[in-house]
$ cat run-v1.pdb   # PDB, C-alpha atoms
MODEL        1
ATOM      1  CA  MET Z 221      -8.716   8.239   7.367  1.00  0.00           C
ATOM      2  CA  THR Z 222      -5.262   7.884   8.873  1.00  0.00           C
ATOM      3  CA  PRO Z 223      -4.645   4.181   9.434  1.00  0.00           C
ATOM      4  CA  HIS Z 224      -3.522   3.029  12.862  1.00  0.00           C
ATOM      5  CA  ARG Z 225      -2.194  -0.342  11.630  1.00  0.00           C
ATOM      6  CA  SER Z 226      -0.617  -1.294   8.355  1.00  0.00           C
ATOM      7  CA  TYR Z 227       1.154  -4.079   6.554  1.00  0.00           C
ATOM      8  CA  ILE Z 228       2.993  -4.742   3.311  1.00  0.00           C
ATOM      9  CA  ILE Z 229       2.754  -7.944   1.338  1.00  0.00           C
ATOM     10  CA  TRP Z 230       6.049  -8.209  -0.544  1.00  0.00           C
ATOM     11  CA  LEU Z 231       5.494 -10.375  -3.582  1.00  0.00           C
ATOM     12  CA  VAL Z 232       7.074 -12.051  -6.520  1.00  0.00           C
ATOM     13  CA  PRO Z 233       4.965 -12.925  -9.561  1.00  0.00           C
ATOM     14  CA  ARG Z 234       2.942 -16.152  -9.485  1.00  0.00           C
ATOM     15  CA  SER Z 235       3.311 -16.626  -5.724  1.00  0.00           C
ATOM     16  CA  GLY Z 236      -0.347 -16.678  -4.651  1.00  0.00           C
ATOM     17  CA  SER Z 237      -0.354 -13.087  -3.439  1.00  0.00           C
ATOM     18  CA  THR Z 238      -3.578 -12.230  -5.290  1.00  0.00           C
ATOM     19  CA  LEU Z 239      -5.454 -15.013  -3.514  1.00  0.00           C
ATOM     20  CA  LEU Z 240      -4.036 -13.886  -0.175  1.00  0.00           C
ATOM     21  CA  CYS Z 241      -4.948 -10.235  -0.804  1.00  0.00           C
ATOM     22  CA  LYS Z 242      -8.479 -11.043  -1.955  1.00  0.00           C
ATOM     23  CA  GLY Z 243      -8.954 -13.125   1.182  1.00  0.00           C
ATOM     24  CA  LEU Z 244      -7.731 -10.298   3.423  1.00  0.00           C
ATOM     25  CA  GLU Z 245      -9.909  -7.768   1.615  1.00  0.00           C
ATOM     26  CA  SER Z 246     -12.975  -9.999   1.893  1.00  0.00           C
ATOM     27  CA  THR Z 247     -12.783  -9.910   5.691  1.00  0.00           C
ATOM     28  CA  GLY Z 248     -13.622  -6.198   5.678  1.00  0.00           C
ATOM     29  CA  ILE Z 249     -11.270  -5.674   8.627  1.00  0.00           C
ATOM     30  CA  ALA Z 250      -7.802  -6.385   7.225  1.00  0.00           C
ATOM     31  CA  GLY Z 251      -7.151  -3.520   4.840  1.00  0.00           C
ATOM     32  CA  ILE Z 252      -7.497  -3.543   1.076  1.00  0.00           C
ATOM     33  CA  PRO Z 253      -4.067  -4.580  -0.181  1.00  0.00           C
ATOM     34  CA  GLY Z 254      -3.607  -3.536  -3.788  1.00  0.00           C
ATOM     35  CA  GLU Z 255      -0.653  -2.998  -6.108  1.00  0.00           C
ATOM     36  CA  TYR Z 256      -0.899   0.767  -5.797  1.00  0.00           C
ATOM     37  CA  PHE Z 257       2.701   1.268  -6.964  1.00  0.00           C
ATOM     38  CA  THR Z 258       2.425  -0.871 -10.110  1.00  0.00           C
ATOM     39  CA  LEU Z 259       2.359   1.515 -13.056  1.00  0.00           C
ATOM     40  CA  PRO Z 260       1.672   1.224 -16.757  1.00  0.00           C
ATOM     41  CA  THR Z 261       4.822   1.750 -18.822  1.00  0.00           C
ATOM     42  CA  GLY Z 262       5.744   5.405 -19.139  1.00  0.00           C
ATOM     43  CA  GLN Z 263       3.428   6.690 -16.416  1.00  0.00           C
ATOM     44  CA  SER Z 264       4.536   8.485 -13.276  1.00  0.00           C
ATOM     45  CA  LEU Z 265       3.280   7.535  -9.829  1.00  0.00           C
ATOM     46  CA  LEU Z 266       1.614  10.908  -9.292  1.00  0.00           C
ATOM     47  CA  GLY Z 267       0.144  10.959 -12.792  1.00  0.00           C
ATOM     48  CA  HIS Z 268      -1.214   7.434 -12.500  1.00  0.00           C
ATOM     49  CA  HIS Z 269      -3.079   8.299  -9.296  1.00  0.00           C
ATOM     50  CA  GLN Z 270      -4.035  11.765 -10.613  1.00  0.00           C
ATOM     51  CA  VAL Z 271      -2.594  13.717  -7.694  1.00  0.00           C
ATOM     52  CA  GLU Z 272      -0.344  16.785  -7.533  1.00  0.00           C
ATOM     53  CA  ASP Z 273       2.125  15.831  -4.784  1.00  0.00           C
ATOM     54  CA  TYR Z 274       3.195  13.033  -2.455  1.00  0.00           C
ATOM     55  CA  GLU Z 275       1.088  14.266   0.443  1.00  0.00           C
ATOM     56  CA  SER Z 276      -2.003  13.941  -1.785  1.00  0.00           C
ATOM     57  CA  LEU Z 277      -0.783  10.534  -2.943  1.00  0.00           C
ATOM     58  CA  LYS Z 278      -0.482   9.400   0.671  1.00  0.00           C
ATOM     59  CA  ARG Z 279      -4.038  10.471   1.453  1.00  0.00           C
ATOM     60  CA  LYS Z 280      -5.376   8.791  -1.689  1.00  0.00           C
ATOM     61  CA  LEU Z 281      -3.574   5.496  -1.067  1.00  0.00           C
ATOM     62  CA  TRP Z 282      -4.634   5.457   2.567  1.00  0.00           C
ATOM     63  CA  ARG Z 283      -8.236   5.942   1.392  1.00  0.00           C
ATOM     64  CA  LEU Z 284      -7.915   3.145  -1.192  1.00  0.00           C
ATOM     65  CA  GLY Z 285      -6.179   0.649   1.070  1.00  0.00           C
ATOM     66  CA  THR Z 286      -7.756   1.218   4.488  1.00  0.00           C
ATOM     67  CA  THR Z 287     -10.781  -0.595   5.903  1.00  0.00           C
ATOM     68  CA  PRO Z 288     -13.184   1.210   8.285  1.00  0.00           C
ATOM     69  CA  ASP Z 289     -11.359  -0.255  11.298  1.00  0.00           C
ATOM     70  CA  GLY Z 290      -8.191   1.665  10.354  1.00  0.00           C
ATOM     71  CA  VAL Z 291      -6.066  -1.141   8.861  1.00  0.00           C
ATOM     72  CA  PHE Z 292      -4.066  -0.250   5.741  1.00  0.00           C
ATOM     73  CA  GLY Z 293      -2.709  -2.939   3.426  1.00  0.00           C
ATOM     74  CA  ILE Z 294      -0.555  -2.741   0.347  1.00  0.00           C
ATOM     75  CA  LYS Z 295       0.730  -5.346  -2.092  1.00  0.00           C
ATOM     76  CA  TYR Z 296       4.240  -4.496  -3.201  1.00  0.00           C
ATOM     77  CA  PRO Z 297       6.145  -6.227  -6.037  1.00  0.00           C
ATOM     78  CA  MET Z 298       9.786  -6.794  -5.084  1.00  0.00           C
ATOM     79  CA  HIS Z 299      10.991  -6.026  -8.614  1.00  0.00           C
ATOM     80  CA  THR Z 300       9.656  -2.434  -8.451  1.00  0.00           C
ATOM     81  CA  SER Z 301      11.230  -1.490  -5.120  1.00  0.00           C
ATOM     82  CA  ARG Z 302      14.121   0.488  -6.588  1.00  0.00           C
ATOM     83  CA  TYR Z 303      11.641   2.899  -8.187  1.00  0.00           C
ATOM     84  CA  THR Z 304       9.244   3.470  -5.315  1.00  0.00           C
ATOM     85  CA  ILE Z 305      11.059   3.238  -1.982  1.00  0.00           C
ATOM     86  CA  SER Z 306      11.075   7.037  -1.587  1.00  0.00           C
ATOM     87  CA  PRO Z 307       7.302   7.482  -2.149  1.00  0.00           C
ATOM     88  CA  MET Z 308       6.632   4.496   0.064  1.00  0.00           C
ATOM     89  CA  SER Z 309       8.595   6.055   2.916  1.00  0.00           C
ATOM     90  CA  ILE Z 310       6.375   9.143   2.676  1.00  0.00           C
ATOM     91  CA  ILE Z 311       3.257   7.031   3.007  1.00  0.00           C
ATOM     92  CA  TYR Z 312       4.595   5.193   6.037  1.00  0.00           C
ATOM     93  CA  GLU Z 313       6.387   8.041   7.830  1.00  0.00           C
ATOM     94  CA  ASN Z 314       3.416   8.837  10.049  1.00  0.00           C
ATOM     95  CA  LEU Z 315       2.746   5.207  10.912  1.00  0.00           C
ATOM     96  CA  ILE Z 316       6.188   4.086  12.034  1.00  0.00           C
ATOM     97  CA  ASN Z 317       5.935   5.338  15.621  1.00  0.00           C
ATOM     98  CA  ASN Z 318       2.268   4.483  16.128  1.00  0.00           C
ATOM     99  CA  PHE Z 319       2.461   0.716  16.479  1.00  0.00           C
ATOM    100  CA  GLU Z 320       4.802  -2.166  16.983  1.00  0.00           C
ATOM    101  CA  ALA Z 321       5.892  -3.801  13.738  1.00  0.00           C
ATOM    102  CA  THR Z 322       5.353  -7.493  13.260  1.00  0.00           C
ATOM    103  CA  ILE Z 323       7.026  -9.533  10.543  1.00  0.00           C
ATOM    104  CA  TRP Z 324       5.613 -12.916   9.617  1.00  0.00           C
TER     105      TRP Z 324
ENDMDL
END
$ encode --input "run-v1.pdb" --output "structure tokens"
Amino acid sequence: MTPHRSYIIWLVPRSGSTLLCKGLESTGIAGIPGEYFTLPTGQSLLGHHQVEDYESLKRKLWRLGTTPDGVFGIKYPMHTSRYTISPMSIIYENLINNFEATIW
């Protein structure tokens, strides 16, 4: 499913983000925000998610993080941003023009 709304929870360790994400997930209508870019040491992003290319990664992450109402959520550690900004832009490229962004 291609999400029609999305959000990112930028986090720092020990900030309460897990509680927030579990609460959002439990609603069943607010996406399933997970740390989909957090990797075990030495593993690649594509290898970790067992996909061949970034288009497949996008589809897999959308499937993992989207609730039936079309809301996609992701939990994103600030300290990993320098490694994953490029893959993240691929995931969001189709969403940018589809809705108005809101920052809380």
$ atom_distance --input "run-v1.pdb" --atom1 "atom CA of Ser237 of chain Z" --atom2 "atom CA of Met298 of chain Z"
12.0 Å
$ closest_residue --input "run-v1.pdb" --among "Z:Gly254, Z:Ser246, Z:Ser264, Z:Val271" --to "Leu231 of chain Z" --atoms "only C-alpha atoms"
Z:Gly254
$ atom_distance --input "run-v1.pdb" --atom1 "atom CA of Leu239 of chain Z" --atom2 "atom CA of Ile252 of chain Z"
12.5 Å
$ closest_residue --input "run-v1.pdb" --among "Z:Glu255, Z:Leu284, Z:Gly243, Z:Asp289" --to "Ile229 of chain Z" --atoms "all atoms listed in the file"
Z:Glu255
$ closest_residue --input "run-v1.pdb" --among "Z:Tyr256, Z:Gly262, Z:Pro297, Z:Leu240" --to "Lys278 of chain Z" --atoms "only C-alpha atoms"
Z:Tyr256
$ residues_around --input "run-v1.pdb" --residues "Gly293 of chain Z" --least-positions-apart "6" --cutoff "10 Å" --atoms "all atoms listed in the file" --output "PDB file with C-alpha atoms, keeping the file's coordinate frame"
ATOM      1  CA  PRO Z 223      -4.645   4.181   9.434  1.00  0.00           C
ATOM      2  CA  ARG Z 225      -2.194  -0.342  11.630  1.00  0.00           C
ATOM      3  CA  SER Z 226      -0.617  -1.294   8.355  1.00  0.00           C
ATOM      4  CA  TYR Z 227       1.154  -4.079   6.554  1.00  0.00           C
ATOM      5  CA  ILE Z 228       2.993  -4.742   3.311  1.00  0.00           C
ATOM      6  CA  ILE Z 229       2.754  -7.944   1.338  1.00  0.00           C
ATOM      7  CA  CYS Z 241      -4.948 -10.235  -0.804  1.00  0.00           C
ATOM      8  CA  LEU Z 244      -7.731 -10.298   3.423  1.00  0.00           C
ATOM      9  CA  GLU Z 245      -9.909  -7.768   1.615  1.00  0.00           C
ATOM     10  CA  ALA Z 250      -7.802  -6.385   7.225  1.00  0.00           C
ATOM     11  CA  GLY Z 251      -7.151  -3.520   4.840  1.00  0.00           C
ATOM     12  CA  ILE Z 252      -7.497  -3.543   1.076  1.00  0.00           C
ATOM     13  CA  PRO Z 253      -4.067  -4.580  -0.181  1.00  0.00           C
ATOM     14  CA  GLY Z 254      -3.607  -3.536  -3.788  1.00  0.00           C
ATOM     15  CA  GLU Z 255      -0.653  -2.998  -6.108  1.00  0.00           C
ATOM     16  CA  LEU Z 281      -3.574   5.496  -1.067  1.00  0.00           C
ATOM     17  CA  TRP Z 282      -4.634   5.457   2.567  1.00  0.00           C
ATOM     18  CA  LEU Z 284      -7.915   3.145  -1.192  1.00  0.00           C
ATOM     19  CA  GLY Z 285      -6.179   0.649   1.070  1.00  0.00           C
ATOM     20  CA  THR Z 286      -7.756   1.218   4.488  1.00  0.00           C
ATOM     21  CA  THR Z 287     -10.781  -0.595   5.903  1.00  0.00           C
TER      22      THR Z 287
END
$ atom_distance --input "run-v1.pdb" --atom1 "atom CA of Tyr296 of chain Z" --atom2 "atom CA of Arg279 of chain Z"
17.7 Å
$ residues_around --input "run-v1.pdb" --residues "Ser276 of chain Z" --least-positions-apart "6" --cutoff "10 Å" --atoms "all atoms listed in the file" --output "PyMOL selection string"
chain Z and resi 266+269-270+282+311
